[in-house]
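Novice: File follows, data-v1.cif with mmCIF, C-alpha atoms:
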```
data_start
loop_
_atom_site.label_atom_id
_atom_site.label_comp_id
_atom_site.auth_asym_id
_atom_site.auth_seq_id
_atom_site.Cartn_x
_atom_site.Cartn_y
_atom_site.Cartn_z
CA MET A 1345 -1.47 -13.40 -0.22
CA LYS A 1346 -5.02 -12.46 0.63
CA LEU A 1347 -4.90 -9.31 -1.52
CA ALA A 1348 -3.85 -11.13 -4.71
CA GLY A 1349 -6.13 -10.28 -7.61
CA LEU A 1350 -8.17 -7.75 -5.65
CA LYS A 1351 -8.91 -4.33 -7.10
CA ILE A 1352 -7.75 -1.75 -4.59
CA GLY A 1353 -8.16 1.98 -5.01
CA VAL A 1354 -5.50 4.09 -3.31
CA ALA A 1355 -6.42 7.74 -2.89
CA PHE A 1356 -3.82 10.36 -2.01
CA THR A 1357 -4.64 13.61 -0.20
CA GLY A 1358 -2.34 16.47 0.74
CA SER A 1359 -0.27 15.27 3.69
CA PHE A 1360 2.89 15.65 1.65
CA CYS A 1361 5.26 14.79 4.50
CA THR A 1362 3.91 11.21 4.47
CA PHE A 1363 4.04 10.61 0.70
CA ALA A 1364 7.37 8.77 0.66
CA GLU A 1365 6.12 6.27 3.26
CA ALA A 1366 2.74 6.00 1.50
CA ILE A 1367 4.42 5.18 -1.81
CA GLU A 1368 6.43 2.44 -0.07
CA ALA A 1369 3.15 1.07 1.32
CA LEU A 1370 1.73 1.22 -2.21
CA LYS A 1371 4.62 -1.00 -3.34
CA MET A 1372 3.77 -3.49 -0.57
CA LEU A 1373 0.19 -3.70 -1.85
CA LYS A 1374 1.50 -4.32 -5.37
CA GLU A 1375 3.87 -7.03 -4.11
CA GLU A 1376 0.88 -8.73 -2.48
CA GLY A 1377 -0.66 -9.05 -5.94
CA ALA A 1378 -3.30 -6.31 -5.70
CA GLU A 1379 -4.45 -4.49 -8.82
CA LEU A 1380 -4.05 -0.82 -7.90
CA TYR A 1381 -6.15 2.16 -8.98
CA PRO A 1382 -4.62 5.53 -8.00
CA ILE A 1383 -6.80 8.53 -7.20
CA LEU A 1384 -5.39 12.02 -6.61
CA SER A 1385 -6.95 14.96 -4.78
CA PHE A 1386 -6.78 18.34 -6.48
CA GLN A 1387 -4.14 19.48 -3.96
CA THR A 1388 -2.00 16.42 -4.63
CA GLN A 1389 -2.07 17.22 -8.35
CA THR A 1390 -1.13 20.88 -8.05
CA ILE A 1391 0.89 21.68 -4.93
CA ASP A 1392 4.68 21.49 -5.01
CA SER A 1393 6.06 21.24 -1.49
CA ARG A 1394 9.41 20.90 0.21
CA PHE A 1395 8.87 17.13 -0.03
CA GLY A 1396 8.72 17.14 -3.85
CA THR A 1397 6.72 18.36 -6.81
CA ALA A 1398 3.20 17.31 -7.66
CA GLU A 1399 4.42 15.96 -11.00
CA GLU A 1400 7.15 13.83 -9.36
CA PHE A 1401 4.68 12.26 -6.95
CA ARG A 1402 2.15 11.62 -9.70
CA LYS A 1403 4.76 9.86 -11.83
CA ARG A 1404 5.94 7.70 -8.92
CA ILE A 1405 2.38 6.74 -7.93
CA GLU A 1406 1.33 5.94 -11.50
CA LYS A 1407 4.51 3.93 -12.09
CA VAL A 1408 3.86 1.70 -9.06
CA CYS A 1409 0.18 1.28 -9.95
CA GLY A 1410 0.79 0.75 -13.66
CA ARG A 1411 -2.06 3.03 -14.69
CA ARG A 1412 -3.06 6.66 -14.98
CA ALA A 1413 -4.54 8.22 -11.85
CA MET A 1414 -8.15 9.25 -11.56
CA ASP A 1415 -7.79 12.99 -11.17
CA SER A 1416 -11.26 14.47 -11.51
CA ILE A 1417 -14.69 14.01 -9.99
CA GLU A 1418 -15.84 12.71 -13.38
CA THR A 1419 -13.18 9.99 -13.56
CA ALA A 1420 -13.83 8.85 -9.95
CA GLU A 1421 -17.64 8.73 -10.15
CA PRO A 1422 -17.86 5.46 -12.17
CA ILE A 1423 -16.30 3.58 -9.23
CA GLY A 1424 -19.85 3.28 -7.87
CA PRO A 1425 -21.95 2.15 -10.82
CA LYS A 1426 -19.18 -0.10 -12.18
CA ALA A 1427 -18.51 -1.60 -8.71
CA LEU A 1428 -14.87 -1.18 -9.70
CA LEU A 1429 -13.09 -1.73 -6.37
CA ASP A 1430 -12.98 -4.39 -3.67
CA LEU A 1431 -11.32 -1.97 -1.23
CA LEU A 1432 -10.57 1.76 -1.22
CA ILE A 1433 -7.71 3.12 0.91
CA ILE A 1434 -7.27 6.85 1.51
CA MET A 1435 -3.56 7.13 2.27
CA PRO A 1436 -2.74 9.65 3.58
CA CYS A 1437 -6.12 10.85 4.80
CA THR A 1438 -5.86 14.46 5.96
CA GLY A 1439 -7.95 16.19 8.61
CA ASN A 1440 -9.67 18.12 5.82
CA THR A 1441 -10.69 14.88 4.13
CA ILE A 1442 -11.80 13.36 7.45
CA ALA A 1443 -14.00 16.39 8.16
CA LYS A 1444 -15.55 16.35 4.70
CA LEU A 1445 -16.22 12.60 4.86
CA ALA A 1446 -17.92 13.04 8.23
CA CYS A 1447 -20.13 15.78 6.76
CA ALA A 1448 -20.82 13.95 3.45
CA ILE A 1449 -19.12 16.62 1.33
CA THR A 1450 -18.11 15.45 -2.15
CA ASP A 1451 -15.97 18.12 -3.77
CA SER A 1452 -12.84 16.28 -4.94
CA PRO A 1453 -11.85 13.11 -6.81
CA VAL A 1454 -10.96 11.39 -3.52
CA LEU A 1455 -14.25 12.24 -1.82
CA MET A 1456 -16.22 11.22 -4.92
CA ALA A 1457 -14.31 7.92 -4.97
CA ALA A 1458 -15.18 7.34 -1.30
CA LYS A 1459 -18.85 8.17 -1.82
CA ALA A 1460 -19.09 6.04 -4.96
CA HIS A 1461 -17.32 3.11 -3.30
CA LEU A 1462 -19.37 3.23 -0.09
CA ARG A 1463 -22.62 3.09 -2.06
CA ASN A 1464 -21.59 -0.48 -2.95
CA GLU A 1465 -21.25 -1.31 0.77
CA LYS A 1466 -17.59 -2.18 0.38
CA PRO A 1467 -14.79 -1.30 2.82
CA LEU A 1468 -13.13 2.11 2.98
CA LEU A 1469 -9.84 2.09 4.90
CA LEU A 1470 -8.52 5.40 6.25
CA SER A 1471 -4.81 5.94 6.88
CA ILE A 1472 -4.97 9.20 8.80
CA SER A 1473 -2.35 11.90 8.94
CA THR A 1474 -3.54 15.05 10.66
CA ASN A 1475 -2.14 17.64 13.03
CA ASP A 1476 -5.55 18.13 14.66
CA ALA A 1477 -6.66 14.53 15.34
CA LEU A 1478 -6.90 15.22 19.09
CA SER A 1479 -8.49 18.64 18.71
CA MET A 1480 -10.75 19.94 15.94
CA ASN A 1481 -10.99 16.60 14.12
CA LEU A 1482 -11.48 14.28 17.08
CA LYS A 1483 -15.27 14.45 16.73
CA ASN A 1484 -15.03 13.68 13.00
CA ILE A 1485 -12.82 10.65 13.60
CA GLY A 1486 -15.38 9.48 16.18
CA ILE A 1487 -18.20 9.92 13.69
CA LEU A 1488 -16.36 7.91 11.03
CA MET A 1489 -15.48 5.15 13.49
CA ASN A 1490 -19.21 4.56 13.83
CA VAL A 1491 -20.00 4.45 10.11
CA LYS A 1492 -20.62 1.08 8.52
CA ASN A 1493 -17.85 -0.05 6.13
CA ILE A 1494 -15.31 2.58 7.27
CA TYR A 1495 -12.16 1.25 8.95
CA PHE A 1496 -8.85 2.70 10.11
CA VAL A 1497 -5.24 1.73 9.77
CA PRO A 1498 -4.06 1.76 13.42
CA PHE A 1499 -2.76 5.19 14.36
CA GLY A 1500 -1.11 7.08 17.19
CA GLN A 1501 0.57 10.32 18.16
CA ASP A 1502 3.61 10.97 15.99
CA ALA A 1503 5.29 13.78 17.95
CA PRO A 1504 3.44 14.18 21.27
CA HIS A 1505 5.99 16.55 22.84
CA LYS A 1506 5.98 18.97 19.90
CA LYS A 1507 2.63 18.47 18.17
CA HIS A 1508 0.23 17.53 20.97
CA ASN A 1509 -2.80 16.93 18.74
CA SER A 1510 -1.13 15.24 15.78
CA MET A 1511 -1.75 11.59 14.89
CA ILE A 1512 -0.57 9.42 12.03
CA ALA A 1513 -1.32 5.92 10.79
CA HIS A 1514 1.20 3.14 11.34
CA LEU A 1515 1.68 1.93 7.77
CA ASP A 1516 3.56 -1.14 8.97
CA ARG A 1517 0.04 -2.36 9.90
CA LEU A 1518 -1.55 -1.52 6.55
CA LEU A 1519 -1.70 -5.09 5.22
CA PRO A 1520 -3.41 -6.68 8.25
CA ALA A 1521 -5.72 -3.65 8.49
CA ALA A 1522 -6.67 -4.10 4.82
CA GLU A 1523 -7.29 -7.82 5.29
CA ALA A 1524 -9.45 -7.17 8.36
CA ALA A 1525 -11.45 -4.47 6.52
CA LEU A 1526 -12.12 -6.91 3.67
CA ASP A 1527 -13.50 -9.28 6.33
CA GLY A 1528 -15.70 -6.49 7.72
CA LYS A 1529 -13.60 -6.00 10.87
CA GLN A 1530 -11.53 -3.23 12.41
CA PHE A 1531 -7.94 -4.37 12.99
CA GLN A 1532 -7.02 -3.88 16.63
CA PRO A 1533 -5.75 -2.05 18.50
CA VAL A 1534 -6.89 0.88 16.40
CA ILE A 1535 -5.07 3.45 18.60
CA CYS A 1536 -1.53 2.48 19.45
CA GLY A 1537 1.86 3.94 20.28
#
```
Would you put the structure from the file into structure tokens?
Specialist:
Amino acid sequence: MKLAGLKIGVAFTGSFCTFAEAIEALKMLKEEGAELYPILSFQTQTIDSRFGTAEEFRKRIEKVCGRRAMDSIETAEPIGPKALLDLLIIMPCTGNTIAKLACAITDSPVLMAAKAHLRNEKPLLLSISTNDALSMNLKNIGILMNVKNIYFVPFGQDAPHKKHNSMIAHLDRLLPAAEAALDGKQFQPVICG
């Protein structure tokens, strides 16, 4: 159990259709012995969708993690100066978040957490979920693939015949991707079926 005792931040952004699977992945991290720190984007905190209410998701996430979520820029900022985390995972990581990361925009708790964590030269693991991975966001994914300390959970097209540009992370590969990121390596293959 390579993750046992490690402090892992798990940041949720607004790909609501993937929340159920992401919460199951959160449970896997907990079972591996990780100490979890939840972080919620503003959208995650406020938008009720056909997949559930913001309050339901918050309660489920906080229950698994055993602590209150960081839900403001102010509560996420100390991640940097306190060197709070060993690893930060953005799961799911939307196209909006990918684009803002690539352009160094810090306007949400999740983006502040990423900025604060990266200043400590520690690994940031992205679990992408975006309908425009092979269109508008392809350049941003490429930029982030070339940034030191940023890694990806392997991902692939989720519905190529209906949503030609959509890609999603394979969360069954989250644990080995996290272990590789902690070793400073990208788990391979990064793009898979």
Novice: Find the residues around range 1493-1508 of chain A up to 8 Å (all atoms listed in the file counted), leave out those fewer than 2 positions away in its own chain, and share them as a ChimeraX atom specification.
Specialist: /A:1462,1465-1472,1475,1478,1488-1491,1510-1515,1517-1518,1521-1522,1525,1528-1537
Novice: Between range 1391-1448 of chain A and range 1356-1365 of chain A, at 7 Å or less, what are the per-residue closest atom pairs and their distances in Å? Count only C-alpha atoms, order by chain and rising residue number, and return it as a tab-separated table.
Specialist:
```
residue	atom	partner	partner_atom	distance
A:Phe1395	CA	A:Cys1361	CA	6.2
A:Ile1434	CA	A:Phe1356	CA	6.1
A:Met1435	CA	A:Phe1356	CA	5.4
A:Pro1436	CA	A:Phe1356	CA	5.7
A:Cys1437	CA	A:Thr1357	CA	5.9
A:Thr1438	CA	A:Ser1359	CA	6.1
```
Novice: How big is the axis-aligned box around all listed atoms of range 1478-1486 of chain A once 4 Å goes on each side, and where's its centre, in Å to one decimal, as AutoDock Vina command-line options?
Specialist:
```
--center_x -11.1 --center_y 14.7 --center_z 16.0 --size_x 16.5 --size_y 18.5 --size_z 14.1
```
Novice: Given the file above and the PyMOL selection byres ((chain A and resi 1446) around 12), which residues are selected, and can you give them as a VMD selection string?
Specialist: chain A and resid 1439 to 1445 1447 to 1450 1455 1458 to 1459 1481 to 1491 1494
Novice: Apply the PyMOL selection byres ((chain A and resi 1453) around 12) to the file shown and report the selected residues as a count of residues only.
Specialist: 38
Novice: Would you work out the distance separating CA of Lys1371 in chain A from CA of Val1408 in chain A, expressed in Å to one decimal?
Specialist: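 It comes out at 6.4 Å.
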Novice: If you measure from CA of Glu1399 in chain A to CA of Leu1428 in chain A, what distance in Å do you get, rounded to one decimal?
Specialist: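 Interatomic distance here is 25.8 Å.
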Novice: Find, counting all atoms listed in the file, the residue in A:Asp1516, A:Glu1406, A:Glu1368, A:Glu1400 that gets nearest to Tyr1381 in chain A.
Specialist: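 Nearest candidate to Tyr1381 in chain A out of A:Asp1516, A:Glu1406, A:Glu1368, A:Glu1400: A:Glu1406.
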Novice: Measure the distance from CA of Ile1367 in chain A to CA of Ile1391 in chain A in Å and round it to one decimal.
Specialist: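 Value for the CA of Ile1367 in chain A-CA of Ile1391 in chain A distance: 17.2 Å.
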Novice: With only C-alpha atoms as the atoms that count, which of A:Leu1431, A:Leu1373, A:Ala1398, A:Ala1378 lies nearest to Leu1526 in chain A?
Specialist: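 Selected residue with least distance to Leu1526 in chain A: A:Leu1431.
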Novice: Which is closest to Met1480 in chain A among A:Arg1463, A:Arg1394, A:Asn1509, A:Lys1407, if we use only C-alpha atoms?
Specialist: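 Looking at the shortest contact to Met1480 in chain A, the residue is A:Asn1509.
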